[in-house]
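In what follows, a structure is listed as structure tokens, so that the remarks can point back to it.
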Amino acid sequence: MYDFDLVLPASVAEAAAAMKADGAQALGGGQTLLPTMKQRLASPEVLVNLSGLSELVGVSSASGTLSVGGATTHAQVASEASDFPGLADLANHIGDPAVRNRGTIGGSLANNDPAACYPAGALGAGATIVTDKREISADDFFVDLFETALEEGEIVTGVNFPIPDVSNYQKFVQPASRFALVGVFVARFGSTVRVAVTGASNGGVFRWSDAEAALSKDFSADAVNGLAIAADDLIADLHGSAEYRAHLIGVLTRRAVQAAS
Amino acid sequence: MPDGGIGAPTKRREDTRFLTGRGKYTDDITPQNTSYCAFARSQVANGKINSIDTSQATKMPGVLAAFTGEDFVEVGSNPAGWLINSRDGEPMKEPKRPVLAHGKVRHVGDAYAAVVAETLEQAMDAVEAIEADIDELDAVVDMASAVADPGTLVHDEIETNICFDWGWIEDNRAATDEAIKNAPHVTTLELVNNRLVPNALEPRASIGEYDPGTGDYKLTTTSQNPHLSRLLVSAFVLGIPENKLTVLAPDVGGGFGSKIYHYGEEALVLAAAKKLGRPVKWTATRTESFLSDAHGRDHVTKIELACEKDGSFIAFRTETLANVGAYLSNFSTATPTFLHGTLMAGNYTVPNVYVNVKAVFTNTAPVDAYRGAGRPEATFSLERVIDKCARELGIDPVEIRRKNFIKKDQYPFATAAGLEYDSGDYDALMDGLEKVADFAGFEARRAASAKEGKLRGLGINSYVEACGIAPSNLVGILGARVGLYDAATVRVNPTGNISVMVGAHSHGQGHETAFPQIVADMLGVDAQTVDIVHGDTSKIPFGMGTYGSRSLAVCGSAVFRATEKVIRKATLIAAHMLEDSPENIEFSDGVFAIKGTNKTVGFGDVALKAYIPHDYPIDAIEPGLEETAFYDPANFTYPSGAYASEVEVDPETGKVTVCSMVALDDFGVVVNPMIVTGQVEGGLAQGIGQALLENGVYDENGQLLSGSFMDYAMPRADDLPSFVVDHSNETRCTHNPIGSKGCGEAGAIGSPPTIVNAVVDALARGGHDVDHIDMPVSPSRVWAAMNP
């Protein structure tokens with residue numbers, strides 16, 4: 001690890017100001033950033049610690065929306081997002097207890113790891129990512145691998161999830177990292193269904209529109225039968241071929257619908 | 001019977017310090033004025049070193065010295081411990097393994113320079129300032145092409161990538177070929193024994209110290225084998241006289257083989273300490289461990305089993321490519337040969353065996369012994385091809401094994417692969433397995449799984465291995481460059497408590513608890529009054545370390561012999577004290593008595609007399625009560641076992657869940673059954689890890705794809721079932737005094753074929769015609785096999 005300065009802001013405003021420094025980097029729970037720094041693969045000059053900011057921590061729900069503060073840990077979402085059980089369950093299966101007690105939703109979304117769980121939850125629910133500057137819909141937020149619509153220095157302060165009628169997240173773990181080899185989040189809002197897939201694509205989290213259309217007509221596992229997703233842009237690595245991932249997307253979508261029904 | 005003798009399930013006394021954070025590992029030790037070392041390691045698999053410029057690095061803050069391969073041109077190299085001859089009689093190719101790469105780098109992670117600085121961060125910063133001009137060359141990764149198309153060489157000077165082309169037993173070759181040619185049935189299987197990264201919890205670490213006042217060196221290091229490190233550093237690498245070098249191996253957090261060997265980093269910190277006159281410390285990062293620890297396994301094998309139509313075995317024949325990586329690690333040439341080929345008769349009376357192994361250099365990390373070392377590879381090949389054969393012939397897998405088992409009245413049994421098994425009872429193990437694993441209830445469990453949409457399979461395995469390594473006379477003939485005895489000193493202190501200096505090194509095996517049980521049992525004292533001393537070449541007489549499930553069978557036997565000597569001498573002293581002749585003295589439960597009388601003297605009083613020799617026959621008996629024994633075994637020991645596992649396969653995803661794992665082992669006499677259970681369970685976890693999860697994978701450029709825990713899947717608790725472990729079926733080892741055979745590797749040997757057999761069985765029962773799936777049997781591989 002290289003030397004760096006650590007800033008402990010007292011407010012989001014102070015954090016935003018600190019983020020203007022050269023080489024500044026926001027620090028959430030540090031579950032990706034700190035190991036990367038320890039390996040000398042990242043060398044921020046200034047770390048702005050967001051995880052101590054009480055105004056960024058908390059889970060609340062009102063009028064069909066679940067709001068989660070940007071620095072809320074996965075463990076807190078798992079235990080407090082009971083109004084959105086599909087999301088609570090997703091949070092409860094991220095990493096291990098140590099990760100869930102440190103990692104934050106804002107950190108996970110801002111990092112946009114192509115195999116992370118939260119991007120599937122946010123995109124699948126059609127969440128709105130709130131920053132210190134604006135609100136960004138999940139459909140616009142996830143740009144590419146490890147790339148989001150966030151601008152330099154922009155801080156994720158919270159996430160607003162519309163609470164679906166039913167939802168479920170199916171995660172098939174990569175055996176080493178236990179990130180999602182493939183993860184599928186299915187959410188039904190009335191007769192509208194959203195299906196978000198993580199872990200599988202070279203472009204990061206994405207919506208499976210064919211499945212959404214089929215499930216919006218008939219929300220049953222059978223509705224997905226016969227739908228195939230092209231393997232062309234899917235990830236192939238030592239844990240599974242693109243074809244295998246394509247196959248798993250179908251299996252997990254069916255299972256998610258079954259579990260949600 | 002005293003407290004805690006042989007057979008007592010005593011809790012491990014060392015766990016008090018391990019579980020309360022009081023263990024003292026190499027990195028916990030920081031001598032005064034310590035400096036810190038970091039290595040520059042190759043990022044390419046094969047490269048020509050044009051120049052290494054450390055001039056900028058040495059100007060960096062805090063930097064004390066920098067080293068490159070040039071600094072070690074004049075010293076020796078790290079040798080292979082076994083000389084293997086090829087089938088044509090030619091000795092193996094043995095390219096130099098320098099302290100730091102010189103001329104070429106040969107694998108990703110190959111160290112080509114080192115920096116010593118006041119702090120670790122300064123050393124790491126300076127490493128980044130080293131200017132290395134290295135031309136990347138094509139990498140030799142795939143063994144088949146390394147052999148077939150040696151256009152690219154790992155070592156130019158040997159003009160081939162083949163280290164040796166070994167046949168075992170060459171005299172049996174023609175007969176085996178003929179038998180297979182004429183056999184009514186031949187089953188052929190090609191399989192891969194996947195490369196494993198050892199991943200000891202504690203990474204390698206070394207501290208070099210040099211005292212300019214005395215010229216004494218001290219190496220504190222993560223070693224399973226401190227005397228071997230001393231020997232290699234002294235006699236082969238740096239030329240430091242053995243009497244001027246102490247090697248300490250304090251608490252060591254797991255080895256699994258990877259810490260048997262001497263590594264260049266150990267020589268580097270010693271040389272640097274001499275140059276600087278200061279302690280020099282290096283601790284591997286996890287990344288360095290992945291890239292530079294000796295890996296395990298990595299065989300590609302074609303095995304043929306010839307048999308009668310009724311399943312009677314006629315011959316086994318194998319052709320194996322064994323990866324040795326970029327350099328020959330110390331045991332790397334023994335592992336695929338004499339620890340592998342000699343076991344290729346398995347538990348069977350098969351009359352013909354022929355094994356061919358080509359050891360292949362590649363631009364990958366060195367490969368050497370890893371828990372089981374050659375024997376898991378042999379067992380996996382045998383037990384997979386036997387299962388396939390049984391399926392082809394429609395014979396029950398238990399039946400085909402029983403038909404060919406060596407029977408208990410056939411011992412000693414000389415196998416077709418050149419070993420003489422001294423004892424065993426494989427039918428008894430299989431009888432027990434059928435009951436304990438409840439074969440009768442399998443069908444009901446399978447039906448229950450089917451209702452849940454899962455395919456259930458039952459896999460079995462029988463294994464035999466060779467432990468208690470090793471009879472020096474025999475291994476000398478086979479090419480070993482060292483003897484493989486062990487040594488112990490039993491020192492009875494004046495007040496009667498006992499220190500036992502042992503050559504074996506404990507890094508998870510529980511020696512501190514088990515060895516005292518032997519002494520306590522023999523002397524009739526409480527085991528708590530006996531302590532062992534290990535891991536310090538200045539304190540212990542000699543040792544060949546801990547590996548190959550040898551500690552109890554070999555070093556424990558040395559403890560036994562030394563304790564016998566103590567009893568003999570104490571008997572003389574007791575005879576004097578009791579005023580009778582030694583022939584009339586008997587010793588039991590810690591008391592010397594004149595036979596047939598109630599005239600007695602206790603062991604403690606005899607010990608005190610030995611050290612306060614007043615009224616003592618000083619002309620006939622020396623004072624003191626301390627004896628040393630070297631024990632060289634007459635044969636290997638032959639633990640065996642029968643394992644069963646049930647798995648469920650999710651046909652939609654290919655995911656395998658291990659539902660049960662039953663291990664019945666014959667370890668001979670068990671000194672501490674609780675420790676043995678722990679050893680077996682650890683081995684089972686590693687074996688299941690190999691079977692389902694772990695895989696050291698290099699890409700075609702020689703980059704380690706599974707170079708971190710993000711991609712290298714270690715088994716976790718929730719990957720494993722509750723184990724059923726039973727070692728009650730014991731047959732004594734006939735040639736060592738304790739009767740023990742060794743238990744450390746069994747679980748890792750017996751479980752991989754059990755798991756794969758179970759997966760193939762599950763698929764077969766589900767209507768899938770799948771002969772074999774290579775390990776790790778990952779979900780994607782199972783799915784691909786089911787959807788060809």
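So you can find residues: chains in the structure tokens are A, B, ... in the order shown, residues in each start at 1, and ligands are numbered from 1 in order.
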Neighbouring residues of B:Arg17 were defined as those with any atom within 12 Å, considering only C-alpha atoms; residues of the same chain fewer than 6 positions away were excluded. Please report them as a JSON list (two decimals) with N, CA and C atoms, in the first residue's frame.
```
[["chain", "number", "residue", "atom", "x", "y", "z"],
["B", 23, "GLY", "N", 0.62, -18.24, 19.35],
["B", 23, "GLY", "CA", 1.60, -18.91, 18.50],
["B", 23, "GLY", "C", 2.68, -17.93, 18.10],
["B", 24, "LYS", "N", 3.88, -18.45, 17.85],
["B", 24, "LYS", "CA", 4.97, -17.56, 17.45],
["B", 24, "LYS", "C", 5.50, -18.03, 16.10],
["B", 25, "TYR", "N", 5.12, -17.32, 15.08],
["B", 25, "TYR", "CA", 5.48, -17.66, 13.72],
["B", 25, "TYR", "C", 6.67, -16.81, 13.28],
["B", 251, "ASP", "N", 6.84, -21.91, 15.15],
["B", 251, "ASP", "CA", 5.51, -22.33, 14.74],
["B", 251, "ASP", "C", 5.34, -22.07, 13.25],
["B", 512, "GLU", "N", 3.35, -32.26, 19.44],
["B", 512, "GLU", "CA", 3.63, -31.85, 20.83],
["B", 512, "GLU", "C", 2.75, -32.63, 21.80]]
```
Exercise for review: Name the residues in contact with B:Arg716 at a cut-off of 12 Å, using only C-alpha atoms, excluding same-chain residues fewer than 6 positions from it; report them as JSON, numbers by chain.
Suggested key: {"A": [96, 175, 176, 177, 178], "B": [682, 684, 685, 686, 688, 689, 692, 693, 694, 709]}
Same residues, N, CA and C atoms, saved as a short mmCIF file (atom, residue, chain, number, x, y, z; two decimals), in the first residue's frame:
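out_32.cif written:
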```
data_model
loop_
_atom_site.label_atom_id
_atom_site.label_comp_id
_atom_site.auth_asym_id
_atom_site.auth_seq_id
_atom_site.Cartn_x
_atom_site.Cartn_y
_atom_site.Cartn_z
N ASP A 96 -19.47 -12.50 2.67
CA ASP A 96 -19.59 -13.22 3.93
C ASP A 96 -19.92 -12.20 5.02
N PRO A 175 -17.35 -20.19 -7.55
CA PRO A 175 -16.97 -20.91 -6.34
C PRO A 175 -15.82 -20.27 -5.55
N ALA A 176 -14.95 -19.54 -6.19
CA ALA A 176 -13.82 -18.95 -5.46
C ALA A 176 -14.22 -17.64 -4.80
N SER A 177 -14.64 -16.69 -5.60
CA SER A 177 -14.94 -15.36 -5.07
C SER A 177 -16.29 -15.30 -4.39
N ARG A 178 -17.15 -16.19 -4.79
CA ARG A 178 -18.54 -16.19 -4.36
C ARG A 178 -19.28 -14.90 -4.75
N GLY B 682 -9.10 -33.04 7.75
CA GLY B 682 -8.39 -32.03 6.97
C GLY B 682 -8.04 -32.54 5.58
N LEU B 684 -9.63 -34.88 3.95
CA LEU B 684 -10.87 -34.99 3.16
C LEU B 684 -11.25 -33.62 2.59
N ALA B 685 -11.11 -32.59 3.40
CA ALA B 685 -11.45 -31.25 2.91
C ALA B 685 -10.56 -30.89 1.72
N GLN B 686 -9.27 -31.22 1.84
CA GLN B 686 -8.37 -30.92 0.72
C GLN B 686 -8.70 -31.76 -0.50
N ILE B 688 -11.62 -33.04 -1.31
CA ILE B 688 -12.86 -32.55 -1.92
C ILE B 688 -12.58 -31.22 -2.63
N GLY B 689 -11.68 -30.43 -2.04
CA GLY B 689 -11.25 -29.20 -2.72
C GLY B 689 -10.67 -29.50 -4.09
N LEU B 692 -13.56 -30.85 -6.51
CA LEU B 692 -14.67 -29.99 -6.93
C LEU B 692 -14.29 -28.54 -7.20
N LEU B 693 -13.21 -28.06 -6.60
CA LEU B 693 -13.03 -26.60 -6.56
C LEU B 693 -11.68 -26.09 -7.06
N GLU B 694 -10.61 -26.69 -6.59
CA GLU B 694 -9.29 -26.05 -6.75
C GLU B 694 -8.71 -26.32 -8.14
N PHE B 709 -7.36 -15.69 -4.37
CA PHE B 709 -8.55 -16.38 -3.86
C PHE B 709 -9.82 -15.92 -4.58
#
```
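Closest approach to B:Thr537 among B:Asn193, B:Ser223, B:Gln122, B:Ser645 is made by B:Ser223 (distances from only C-alpha atoms).
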Taking only C-alpha atoms into account, which residues of chain B are within 8 Å of chain A, as a compact mmCIF listing (two decimals) with N, CA and C atoms, in the first residue's frame?
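The resulting file, out.txt, is shown below:
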```txt
# COMPACT_ATOMS: atom_id res chain seq x y z
N GLU B 121 8.14 -1.08 3.27
CA GLU B 121 7.60 -0.18 2.23
C GLU B 121 8.73 0.40 1.39
N GLU B 652 -29.92 -29.09 -13.78
CA GLU B 652 -30.09 -27.82 -14.52
C GLU B 652 -28.83 -26.98 -14.53
N THR B 653 -28.07 -27.02 -13.43
CA THR B 653 -26.89 -26.16 -13.35
C THR B 653 -25.58 -26.94 -13.36
N LEU B 693 -13.21 -28.06 -6.60
CA LEU B 693 -13.03 -26.60 -6.56
C LEU B 693 -11.68 -26.09 -7.06
N LEU B 705 -3.88 -17.78 -14.09
CA LEU B 705 -5.23 -17.20 -14.10
C LEU B 705 -5.87 -17.30 -12.71
N PHE B 709 -7.36 -15.69 -4.37
CA PHE B 709 -8.55 -16.38 -3.86
C PHE B 709 -9.82 -15.92 -4.58
N MET B 710 -9.72 -14.92 -5.41
CA MET B 710 -10.88 -14.54 -6.22
C MET B 710 -11.15 -15.58 -7.30
N ASP B 711 -10.11 -16.30 -7.70
CA ASP B 711 -10.30 -17.29 -8.76
C ASP B 711 -9.85 -18.69 -8.37
N TYR B 712 -9.05 -18.80 -7.34
CA TYR B 712 -8.64 -20.12 -6.86
C TYR B 712 -9.57 -20.49 -5.72
N ALA B 713 -10.39 -21.50 -5.94
CA ALA B 713 -11.47 -21.82 -4.99
C ALA B 713 -10.99 -22.80 -3.94
N MET B 714 -10.80 -22.31 -2.74
CA MET B 714 -10.50 -23.18 -1.61
C MET B 714 -11.81 -23.74 -1.06
N SER B 778 -16.41 -28.98 -11.74
CA SER B 778 -17.12 -27.73 -11.49
C SER B 778 -18.49 -27.80 -12.14
N SER B 780 -19.81 -25.97 -14.34
CA SER B 780 -19.79 -25.77 -15.80
C SER B 780 -19.30 -27.03 -16.51
N ARG B 781 -18.35 -27.74 -15.90
CA ARG B 781 -17.85 -28.97 -16.54
C ARG B 781 -18.92 -30.07 -16.51
N TRP B 783 -22.15 -29.59 -16.42
CA TRP B 783 -23.18 -29.20 -17.37
C TRP B 783 -22.73 -29.48 -18.81
N ALA B 784 -21.47 -29.17 -19.08
CA ALA B 784 -20.95 -29.41 -20.44
C ALA B 784 -20.94 -30.91 -20.74
```
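The protein and nucleic acid residues lying at most 9 Å from B:Thr657 are Glu646, Val647, Glu648, Val649, Asp650, Asp719, Leu720 and Pro721 of chain B, with only C-alpha atoms considered and sequence neighbours fewer than 5 positions away removed.
One finds atom CA of B:Glu420 at 19.5 Å from atom CA of B:Arg317.
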